[in-house]
$ cat structure26.txt   # compact mmCIF, C-alpha atoms and all ligand atoms
# COMPACT_ATOMS: atom_id res chain seq x y z
CA MET A 463 -136.51 211.10 -37.52
CA ALA A 464 -134.84 213.32 -34.94
CA THR A 465 -131.11 213.69 -35.61
CA ILE A 466 -128.70 214.21 -32.76
CA ALA A 467 -124.96 214.87 -32.94
CA ILE A 468 -122.63 213.90 -30.10
CA VAL A 469 -119.46 216.00 -30.09
CA TYR A 470 -116.88 214.83 -27.59
CA HIS A 471 -113.22 214.76 -26.62
CA SER A 472 -111.56 211.83 -24.91
CA GLY A 473 -107.88 211.83 -24.03
CA TYR A 474 -107.71 208.22 -22.82
CA GLY A 475 -110.89 206.55 -24.08
CA HIS A 476 -113.26 206.75 -21.11
CA THR A 477 -115.39 209.61 -22.42
CA ALA A 478 -115.46 207.88 -25.80
CA LYS A 479 -116.97 204.83 -24.13
CA VAL A 480 -119.61 206.95 -22.42
CA ALA A 481 -120.37 208.59 -25.77
CA GLU A 482 -121.00 205.16 -27.34
CA HIS A 483 -123.52 204.34 -24.64
CA VAL A 484 -125.25 207.70 -24.95
CA ARG A 485 -125.58 206.89 -28.63
CA SER A 486 -127.10 203.50 -27.78
CA GLY A 487 -129.70 205.25 -25.66
CA LEU A 488 -130.50 207.74 -28.38
CA GLU A 489 -130.97 204.99 -30.94
CA ALA A 490 -133.00 202.84 -28.56
CA ALA A 491 -135.44 205.74 -28.30
CA GLY A 492 -135.70 206.09 -32.06
CA ALA A 493 -133.34 208.98 -32.78
CA GLN A 494 -130.62 209.03 -35.40
CA ALA A 495 -127.28 209.64 -33.71
CA LYS A 496 -123.81 210.42 -35.01
CA LEU A 497 -120.56 210.74 -33.07
CA TYR A 498 -117.91 213.38 -33.76
CA THR A 499 -114.65 213.96 -31.96
CA VAL A 500 -113.59 217.57 -31.54
CA ASP A 501 -110.55 216.78 -33.68
CA ALA A 502 -112.83 216.80 -36.73
CA PHE A 503 -113.33 220.55 -36.23
CA VAL A 504 -109.98 222.00 -37.21
CA ASP A 505 -111.02 225.64 -37.23
CA ALA A 506 -114.21 227.66 -37.62
CA GLU A 507 -114.37 226.80 -41.32
CA THR A 508 -112.91 223.33 -41.59
CA GLY A 509 -114.89 220.37 -40.32
CA PRO A 510 -118.41 218.94 -40.49
CA TRP A 511 -120.01 222.16 -39.23
CA ASP A 512 -122.84 221.83 -41.76
CA GLU A 513 -123.80 218.50 -40.19
CA LEU A 514 -124.04 220.12 -36.76
CA ALA A 515 -126.08 222.93 -38.29
CA ALA A 516 -128.49 220.36 -39.71
CA ALA A 517 -128.89 218.33 -36.51
CA ASP A 518 -131.96 218.74 -34.29
CA GLY A 519 -129.82 218.42 -31.19
CA ILE A 520 -126.18 218.46 -30.09
CA ILE A 521 -124.80 216.66 -27.04
CA PHE A 522 -121.40 217.80 -25.74
CA GLY A 523 -119.09 215.37 -23.95
CA SER A 524 -115.75 215.94 -22.25
CA PRO A 525 -113.66 214.41 -19.49
CA THR A 526 -113.29 216.66 -16.50
CA TYR A 527 -109.69 217.85 -16.48
CA MET A 528 -108.54 220.15 -13.68
CA GLY A 529 -112.11 220.92 -12.75
CA SER A 530 -113.51 221.82 -16.16
CA THR A 531 -113.63 220.65 -19.76
CA SER A 532 -110.46 219.45 -21.44
CA ALA A 533 -108.50 222.06 -23.38
CA ALA A 534 -109.40 220.33 -26.64
CA MET A 535 -113.10 220.68 -25.84
CA ALA A 536 -112.63 224.31 -24.76
CA LYS A 537 -111.08 225.05 -28.14
CA PHE A 538 -114.05 223.49 -29.91
CA LEU A 539 -116.47 225.50 -27.78
CA GLU A 540 -114.69 228.69 -28.79
CA LEU A 541 -114.92 227.74 -32.45
CA THR A 542 -118.71 227.56 -32.16
CA SER A 543 -118.75 231.36 -31.95
CA LYS A 544 -119.16 231.43 -35.72
CA ALA A 545 -122.55 229.71 -35.38
CA TRP A 546 -123.38 232.14 -32.54
CA PHE A 547 -123.07 235.16 -34.84
CA THR A 548 -125.83 233.86 -37.10
CA ASP A 549 -128.04 232.20 -34.44
CA GLY A 550 -127.20 229.01 -36.29
CA TRP A 551 -127.88 226.74 -33.31
CA LYS A 552 -130.83 228.67 -31.87
CA ASP A 553 -133.62 226.37 -30.63
CA LYS A 554 -131.67 223.17 -31.10
CA ILE A 555 -131.78 220.73 -28.22
CA ALA A 556 -128.56 220.64 -26.18
CA ALA A 557 -127.25 218.39 -23.42
CA GLY A 558 -123.91 217.45 -21.91
CA PHE A 559 -121.97 214.70 -20.22
CA THR A 560 -118.68 214.17 -18.48
CA THR A 561 -116.62 211.57 -16.69
CA SER A 562 -113.94 212.01 -14.06
CA GLY A 563 -111.72 209.97 -11.78
CA SER A 564 -113.38 210.99 -8.54
CA LEU A 565 -117.02 210.36 -7.80
CA ALA A 566 -117.47 214.11 -7.41
CA GLY A 567 -114.35 215.41 -9.16
CA ASP A 568 -115.76 218.90 -9.80
CA LYS A 569 -117.77 217.51 -12.69
CA ASN A 570 -120.46 220.13 -12.20
CA GLU A 571 -118.11 222.80 -13.53
CA THR A 572 -117.83 220.88 -16.82
CA LEU A 573 -121.59 220.48 -17.10
CA GLN A 574 -122.12 224.15 -16.28
CA ARG A 575 -119.66 225.08 -19.01
CA PHE A 576 -121.78 223.17 -21.51
CA ALA A 577 -125.05 224.63 -20.21
CA THR A 578 -123.67 228.15 -20.45
CA LEU A 579 -122.43 227.55 -23.99
CA ALA A 580 -125.82 226.14 -24.96
CA SER A 581 -127.57 229.14 -23.44
CA GLN A 582 -125.32 231.54 -25.34
CA HIS A 583 -126.49 229.80 -28.50
CA ALA A 584 -130.14 229.99 -27.31
CA MET A 585 -130.32 226.21 -27.39
CA ILE A 586 -132.78 224.24 -25.26
CA TRP A 587 -130.86 222.55 -22.43
CA VAL A 588 -132.01 219.09 -21.37
CA ASN A 589 -130.88 218.00 -17.90
CA PHE A 590 -130.39 214.47 -16.59
CA GLY A 591 -133.99 214.19 -15.51
CA ALA A 592 -133.85 211.62 -12.73
CA LYS A 593 -132.87 211.58 -9.11
CA PRO A 594 -129.75 209.80 -7.86
CA GLY A 595 -130.68 206.15 -7.58
CA TYR A 596 -129.35 205.47 -4.11
CA SER A 597 -131.19 206.05 -0.89
CA MET A 598 -130.82 205.00 2.71
CA SER A 599 -132.18 201.58 1.77
CA ASN A 600 -130.23 201.19 -1.47
CA SER A 601 -126.65 202.36 -1.22
CA ASP A 602 -125.15 199.76 -3.58
CA PHE A 603 -123.00 201.96 -5.80
CA ALA A 604 -122.38 199.05 -8.16
CA THR A 605 -125.93 199.00 -9.41
CA VAL A 606 -127.62 202.37 -8.92
CA LEU A 607 -128.12 204.83 -11.74
CA ASN A 608 -126.87 208.41 -11.48
CA ARG A 609 -124.75 207.51 -8.49
CA ALA A 610 -122.63 210.65 -8.92
CA GLY A 611 -125.84 212.51 -8.18
CA HIS A 612 -125.79 215.22 -10.81
CA PHE A 613 -128.91 216.80 -12.25
CA LEU A 614 -127.51 219.25 -14.79
CA GLY A 615 -126.37 216.52 -17.16
CA LEU A 616 -124.85 213.06 -17.29
CA ALA A 617 -122.00 212.49 -14.84
CA THR A 618 -120.04 209.25 -14.70
CA GLN A 619 -116.94 208.05 -12.87
CA SER A 620 -113.87 206.39 -14.41
CA LEU A 621 -111.41 205.30 -11.75
CA ASN A 622 -108.02 206.65 -12.77
CA ASP A 623 -106.20 203.33 -12.69
CA LEU A 624 -108.71 201.41 -14.79
CA PRO A 625 -108.64 201.31 -18.62
CA PRO A 626 -111.73 202.11 -20.72
CA GLU A 627 -112.47 198.37 -20.90
CA GLN A 628 -113.25 198.49 -17.18
CA ALA A 629 -114.40 202.04 -16.49
CA PRO A 630 -116.92 203.51 -16.26
CA ASP A 631 -118.65 200.47 -14.82
CA ALA A 632 -121.86 198.88 -16.02
CA ALA A 633 -124.12 201.00 -13.79
CA ASP A 634 -122.67 204.24 -15.15
CA LEU A 635 -122.87 203.01 -18.74
CA GLN A 636 -126.52 202.11 -18.14
CA THR A 637 -126.95 205.62 -16.73
CA ALA A 638 -125.52 206.95 -20.00
CA GLU A 639 -128.10 205.00 -21.98
CA VAL A 640 -130.94 206.30 -19.83
CA PHE A 641 -129.65 209.82 -20.42
CA GLY A 642 -129.50 209.22 -24.18
CA GLN A 643 -133.08 208.05 -24.16
CA ARG A 644 -134.20 211.17 -22.33
CA VAL A 645 -132.45 213.49 -24.77
CA ALA A 646 -133.93 211.56 -27.70
CA GLU A 647 -137.45 211.79 -26.26
CA ALA A 648 -137.04 215.51 -25.58
CA THR A 649 -135.74 216.11 -29.09
CA LYS A 650 -138.54 214.13 -30.70
CA ARG A 651 -141.13 216.07 -28.73
CA TRP A 652 -139.49 219.40 -29.55
CA VAL A 653 -139.25 218.61 -33.27
CA ARG A 654 -142.82 217.34 -33.38
CA GLY A 655 -144.09 220.49 -31.69
CA ALA A 656 -142.29 222.72 -34.17
CA ALA A 657 -143.83 221.00 -37.19
C1 LIG A 701 -105.03 216.48 -17.00
C2 LIG A 701 -106.05 215.71 -16.20
C3 LIG A 701 -106.82 216.37 -15.28
C4 LIG A 701 -107.78 215.69 -14.53
N1 LIG A 701 -108.56 216.38 -13.65
C5 LIG A 701 -109.51 215.73 -12.95
C6 LIG A 701 -110.38 216.44 -12.07
O1 LIG A 701 -110.35 217.65 -11.96
N2 LIG A 701 -111.28 215.69 -11.34
C7 LIG A 701 -111.32 214.32 -11.41
O2 LIG A 701 -112.10 213.73 -10.69
N3 LIG A 701 -110.57 213.64 -12.30
C8 LIG A 701 -109.66 214.30 -13.07
N4 LIG A 701 -108.90 213.62 -13.97
C9 LIG A 701 -109.20 212.21 -14.25
C10 LIG A 701 -110.03 212.09 -15.53
O3 LIG A 701 -111.19 212.88 -15.46
C11 LIG A 701 -110.44 210.63 -15.79
O4 LIG A 701 -109.27 209.83 -15.87
C12 LIG A 701 -111.26 210.48 -17.05
O5 LIG A 701 -111.76 209.17 -17.12
C13 LIG A 701 -110.47 210.76 -18.32
O6 LIG A 701 -111.34 210.64 -19.44
P1 LIG A 701 -110.77 210.27 -20.88
O7 LIG A 701 -110.23 208.86 -20.81
O8 LIG A 701 -111.93 210.37 -21.81
O9 LIG A 701 -109.69 211.27 -21.19
C14 LIG A 701 -107.94 214.29 -14.71
C15 LIG A 701 -107.13 213.63 -15.64
C16 LIG A 701 -106.21 214.31 -16.38
C17 LIG A 701 -105.38 213.58 -17.40
$ encode --input "structure26.txt" --output "structure tokens"
Amino acid sequence: MATIAIVYHSGYGHTAKVAEHVRSGLEAAGAQAKLYTVDAFVDAETGPWDELAAADGIIFGSPTYMGSTSAAMAKFLELTSKAWFTDGWKDKIAAGFTTSGSLAGDKNETLQRFATLASQHAMIWVNFGAKPGYSMSNSDFATVLNRAGHFLGLATQSLNDLPPEQAPDAADLQTAEVFGQRVAEATKRWVRGAA
């Protein structure tokens, strides 16, 4: 069974909620998924690094803070340099997700940060894989998938004044599950092809 780690940071619980729904999508598509917060990785030695090394894929998740990843996530990304030295993550599947208060919110910068990190590790980046759901004839933001309209990864919106119980909304959480399914399918295909 394809194994996929989700490593995320969430200051106020919204990204954590998205991570749960990405996991649901992964599992619905038959992958084994495990969540890790960046806090588990204390330094380059201490933390479940061996579990990341053993995973077939790693999905990175962070809120967008001041137009990029949170500082806690940035610290984790720096710590991955130890795996970089040994090509430890080479040819693993990689993907990324973020949430922010604004519909746009400069989320692309966060996703690009993850894609660059994955490329430095020679990982295989999986994008969102579907067009924004709205069109001229369907502009109902309450129901469409990928309403933030990002392609590089999963992008959701959490209105700043709403708690994680209410944001992101159901359409964005469904978008997270669709994204999880895509990453699971890509990982399964990649693992099968390598056998
Ligand atoms: C320090 C800080 C910086 C933020 N910067 C942005 C930003 O650049 N763009 C945006 O749309 N929202 C921004 N927000 C809003 C958060 O992205 C949003 O509240 C998100 O849901 C927080 O996720 P979390 O609950 O997982 O921490 C910021 C929030 C904080 C606390």
$ axis_aligned_box --input "structure26.txt" --around "segment 582-598 of chain A" --padding-each-side "6 Å" --output "lines of an AutoDock Vina configuration file"
center_x = -129.7
center_y = 218.3
center_z = -12.9
size_x = 20.7
size_y = 38.5
size_z = 43.2
$ residues_near_ligand --input "structure26.txt" --ligand "ligand LIG 701 (chain A)" --cutoff "12 Å" --atoms "only C-alpha atoms and all ligand atoms" --output "PyMOL selection string"
chain A and resi 470-482+499+523-535+559-572+610+617-631
$ write_last_selection --input "structure26.txt" --atoms "C-alpha atoms" --output "compact mmCIF listing (two decimals), in the frame of the given file"
# COMPACT_ATOMS: atom_id res chain seq x y z
CA TYR A 470 -116.88 214.83 -27.59
CA HIS A 471 -113.22 214.76 -26.62
CA SER A 472 -111.56 211.83 -24.91
CA GLY A 473 -107.88 211.83 -24.03
CA TYR A 474 -107.71 208.22 -22.82
CA GLY A 475 -110.89 206.55 -24.08
CA HIS A 476 -113.26 206.75 -21.11
CA THR A 477 -115.39 209.61 -22.42
CA ALA A 478 -115.46 207.88 -25.80
CA LYS A 479 -116.97 204.83 -24.13
CA VAL A 480 -119.61 206.95 -22.42
CA ALA A 481 -120.37 208.59 -25.77
CA GLU A 482 -121.00 205.16 -27.34
CA THR A 499 -114.65 213.96 -31.96
CA GLY A 523 -119.09 215.37 -23.95
CA SER A 524 -115.75 215.94 -22.25
CA PRO A 525 -113.66 214.41 -19.49
CA THR A 526 -113.29 216.66 -16.50
CA TYR A 527 -109.69 217.85 -16.48
CA MET A 528 -108.54 220.15 -13.68
CA GLY A 529 -112.11 220.92 -12.75
CA SER A 530 -113.51 221.82 -16.16
CA THR A 531 -113.63 220.65 -19.76
CA SER A 532 -110.46 219.45 -21.44
CA ALA A 533 -108.50 222.06 -23.38
CA ALA A 534 -109.40 220.33 -26.64
CA MET A 535 -113.10 220.68 -25.84
CA PHE A 559 -121.97 214.70 -20.22
CA THR A 560 -118.68 214.17 -18.48
CA THR A 561 -116.62 211.57 -16.69
CA SER A 562 -113.94 212.01 -14.06
CA GLY A 563 -111.72 209.97 -11.78
CA SER A 564 -113.38 210.99 -8.54
CA LEU A 565 -117.02 210.36 -7.80
CA ALA A 566 -117.47 214.11 -7.41
CA GLY A 567 -114.35 215.41 -9.16
CA ASP A 568 -115.76 218.90 -9.80
CA LYS A 569 -117.77 217.51 -12.69
CA ASN A 570 -120.46 220.13 -12.20
CA GLU A 571 -118.11 222.80 -13.53
CA THR A 572 -117.83 220.88 -16.82
CA ALA A 610 -122.63 210.65 -8.92
CA ALA A 617 -122.00 212.49 -14.84
CA THR A 618 -120.04 209.25 -14.70
CA GLN A 619 -116.94 208.05 -12.87
CA SER A 620 -113.87 206.39 -14.41
CA LEU A 621 -111.41 205.30 -11.75
CA ASN A 622 -108.02 206.65 -12.77
CA ASP A 623 -106.20 203.33 -12.69
CA LEU A 624 -108.71 201.41 -14.79
CA PRO A 625 -108.64 201.31 -18.62
CA PRO A 626 -111.73 202.11 -20.72
CA GLU A 627 -112.47 198.37 -20.90
CA GLN A 628 -113.25 198.49 -17.18
CA ALA A 629 -114.40 202.04 -16.49
CA PRO A 630 -116.92 203.51 -16.26
CA ASP A 631 -118.65 200.47 -14.82
$ atom_distance --input "structure26.txt" --atom1 "atom CA of Val645 of chain A" --atom2 "atom CA of Ala557 of chain A"
7.3 Å
$ atom_distance --input "structure26.txt" --atom1 "atom CA of Trp511 of chain A" --atom2 "atom CA of Ala577 of chain A"
19.8 Å
$ closest_residue --input "structure26.txt" --among "A:Trp652, A:Phe538, A:Tyr498, A:Phe641" --to "Gly519 of chain A" --atoms "all atoms listed in the file"
A:Trp652
$ build_atoms --input "structure26.txt" --residues "segment 539-550 of chain A" --atoms "all heavy atoms" --output "mmCIF file, keeping the file's coordinate frame"
data_model
loop_
_atom_site.group_PDB
_atom_site.id
_atom_site.type_symbol
_atom_site.label_atom_id
_atom_site.label_comp_id
_atom_site.auth_asym_id
_atom_site.auth_seq_id
_atom_site.Cartn_x
_atom_site.Cartn_y
_atom_site.Cartn_z
ATOM 1 N N LEU A 539 -115.392 224.619 -28.225
ATOM 2 C CA LEU A 539 -116.470 225.500 -27.780
ATOM 3 C C LEU A 539 -116.234 226.932 -28.275
ATOM 4 O O LEU A 539 -117.172 227.634 -28.674
ATOM 5 C CB LEU A 539 -116.605 225.464 -26.257
ATOM 6 C CG LEU A 539 -117.001 224.094 -25.666
ATOM 7 C CD1 LEU A 539 -117.110 224.191 -24.148
ATOM 8 C CD2 LEU A 539 -118.295 223.573 -26.262
ATOM 9 N N GLU A 540 -114.990 227.359 -28.272
ATOM 10 C CA GLU A 540 -114.690 228.690 -28.790
ATOM 11 C C GLU A 540 -114.986 228.794 -30.286
ATOM 12 O O GLU A 540 -115.494 229.811 -30.765
ATOM 13 C CB GLU A 540 -113.219 229.039 -28.552
ATOM 14 C CG GLU A 540 -112.936 229.472 -27.127
ATOM 15 C CD GLU A 540 -111.527 229.995 -26.942
ATOM 16 O OE1 GLU A 540 -110.885 230.403 -27.937
ATOM 17 O OE2 GLU A 540 -111.070 229.993 -25.809
ATOM 18 N N LEU A 541 -114.685 227.715 -31.000
ATOM 19 C CA LEU A 541 -114.920 227.740 -32.450
ATOM 20 C C LEU A 541 -116.404 227.851 -32.792
ATOM 21 O O LEU A 541 -116.759 228.285 -33.898
ATOM 22 C CB LEU A 541 -114.325 226.484 -33.104
ATOM 23 C CG LEU A 541 -112.802 226.359 -33.076
ATOM 24 C CD1 LEU A 541 -112.369 225.039 -33.709
ATOM 25 C CD2 LEU A 541 -112.141 227.529 -33.792
ATOM 26 N N THR A 542 -117.279 227.471 -31.863
ATOM 27 C CA THR A 542 -118.710 227.560 -32.160
ATOM 28 C C THR A 542 -119.201 228.999 -32.225
ATOM 29 O O THR A 542 -120.362 229.249 -32.541
ATOM 30 C CB THR A 542 -119.560 226.791 -31.120
ATOM 31 O OG1 THR A 542 -119.564 227.502 -29.870
ATOM 32 C CG2 THR A 542 -119.056 225.377 -30.914
ATOM 33 N N SER A 543 -118.331 229.948 -31.924
ATOM 34 C CA SER A 543 -118.750 231.360 -31.950
ATOM 35 C C SER A 543 -119.196 231.779 -33.353
ATOM 36 O O SER A 543 -119.986 232.705 -33.498
ATOM 37 C CB SER A 543 -117.625 232.259 -31.457
ATOM 38 O OG SER A 543 -116.465 232.088 -32.237
ATOM 39 N N LYS A 544 -118.706 231.075 -34.358
ATOM 40 C CA LYS A 544 -119.160 231.430 -35.720
ATOM 41 C C LYS A 544 -120.666 231.155 -35.855
ATOM 42 O O LYS A 544 -121.411 231.976 -36.411
ATOM 43 C CB LYS A 544 -118.367 230.647 -36.771
ATOM 44 C CG LYS A 544 -118.693 231.140 -38.162
ATOM 45 C CD LYS A 544 -117.816 230.564 -39.245
ATOM 46 C CE LYS A 544 -118.198 231.181 -40.594
ATOM 47 N NZ LYS A 544 -118.053 230.230 -41.691
ATOM 48 N N ALA A 545 -121.113 230.022 -35.340
ATOM 49 C CA ALA A 545 -122.550 229.710 -35.380
ATOM 50 C C ALA A 545 -123.332 230.706 -34.521
ATOM 51 O O ALA A 545 -124.484 231.051 -34.830
ATOM 52 C CB ALA A 545 -122.786 228.281 -34.898
ATOM 53 N N TRP A 546 -122.712 231.180 -33.446
ATOM 54 C CA TRP A 546 -123.380 232.140 -32.540
ATOM 55 C C TRP A 546 -123.743 233.422 -33.280
ATOM 56 O O TRP A 546 -124.838 233.968 -33.100
ATOM 57 C CB TRP A 546 -122.436 232.436 -31.372
ATOM 58 C CG TRP A 546 -122.962 233.426 -30.371
ATOM 59 C CD1 TRP A 546 -123.763 233.148 -29.296
ATOM 60 C CD2 TRP A 546 -122.732 234.832 -30.362
ATOM 61 N NE1 TRP A 546 -124.032 234.311 -28.613
ATOM 62 C CE2 TRP A 546 -123.419 235.362 -29.248
ATOM 63 C CE3 TRP A 546 -122.013 235.695 -31.184
ATOM 64 C CZ2 TRP A 546 -123.401 236.712 -28.929
ATOM 65 C CZ3 TRP A 546 -122.001 237.044 -30.874
ATOM 66 C CH2 TRP A 546 -122.687 237.543 -29.756
ATOM 67 N N PHE A 547 -122.840 233.890 -34.143
ATOM 68 C CA PHE A 547 -123.070 235.160 -34.840
ATOM 69 C C PHE A 547 -124.341 235.129 -35.690
ATOM 70 O O PHE A 547 -124.987 236.155 -35.899
ATOM 71 C CB PHE A 547 -121.867 235.513 -35.727
ATOM 72 C CG PHE A 547 -120.773 236.217 -34.971
ATOM 73 C CD1 PHE A 547 -119.569 235.585 -34.713
ATOM 74 C CD2 PHE A 547 -120.955 237.517 -34.509
ATOM 75 C CE1 PHE A 547 -118.561 236.239 -34.007
ATOM 76 C CE2 PHE A 547 -119.951 238.175 -33.804
ATOM 77 C CZ PHE A 547 -118.750 237.534 -33.555
ATOM 78 N N THR A 548 -124.676 233.963 -36.193
ATOM 79 C CA THR A 548 -125.830 233.860 -37.100
ATOM 80 C C THR A 548 -127.028 233.167 -36.448
ATOM 81 O O THR A 548 -127.982 232.809 -37.143
ATOM 82 C CB THR A 548 -125.431 233.060 -38.361
ATOM 83 O OG1 THR A 548 -124.965 231.758 -37.943
ATOM 84 C CG2 THR A 548 -124.329 233.761 -39.136
ATOM 85 N N ASP A 549 -126.981 232.969 -35.134
ATOM 86 C CA ASP A 549 -128.040 232.200 -34.440
ATOM 87 C C ASP A 549 -128.221 230.828 -35.068
ATOM 88 O O ASP A 549 -129.327 230.270 -35.079
ATOM 89 C CB ASP A 549 -129.382 232.952 -34.470
ATOM 90 C CG ASP A 549 -129.425 234.075 -33.454
ATOM 91 O OD1 ASP A 549 -128.617 234.040 -32.501
ATOM 92 O OD2 ASP A 549 -130.246 234.989 -33.620
ATOM 93 N N GLY A 550 -127.113 230.268 -35.556
ATOM 94 C CA GLY A 550 -127.200 229.010 -36.290
ATOM 95 C C GLY A 550 -127.673 227.824 -35.461
ATOM 96 O O GLY A 550 -128.206 226.869 -36.017
#
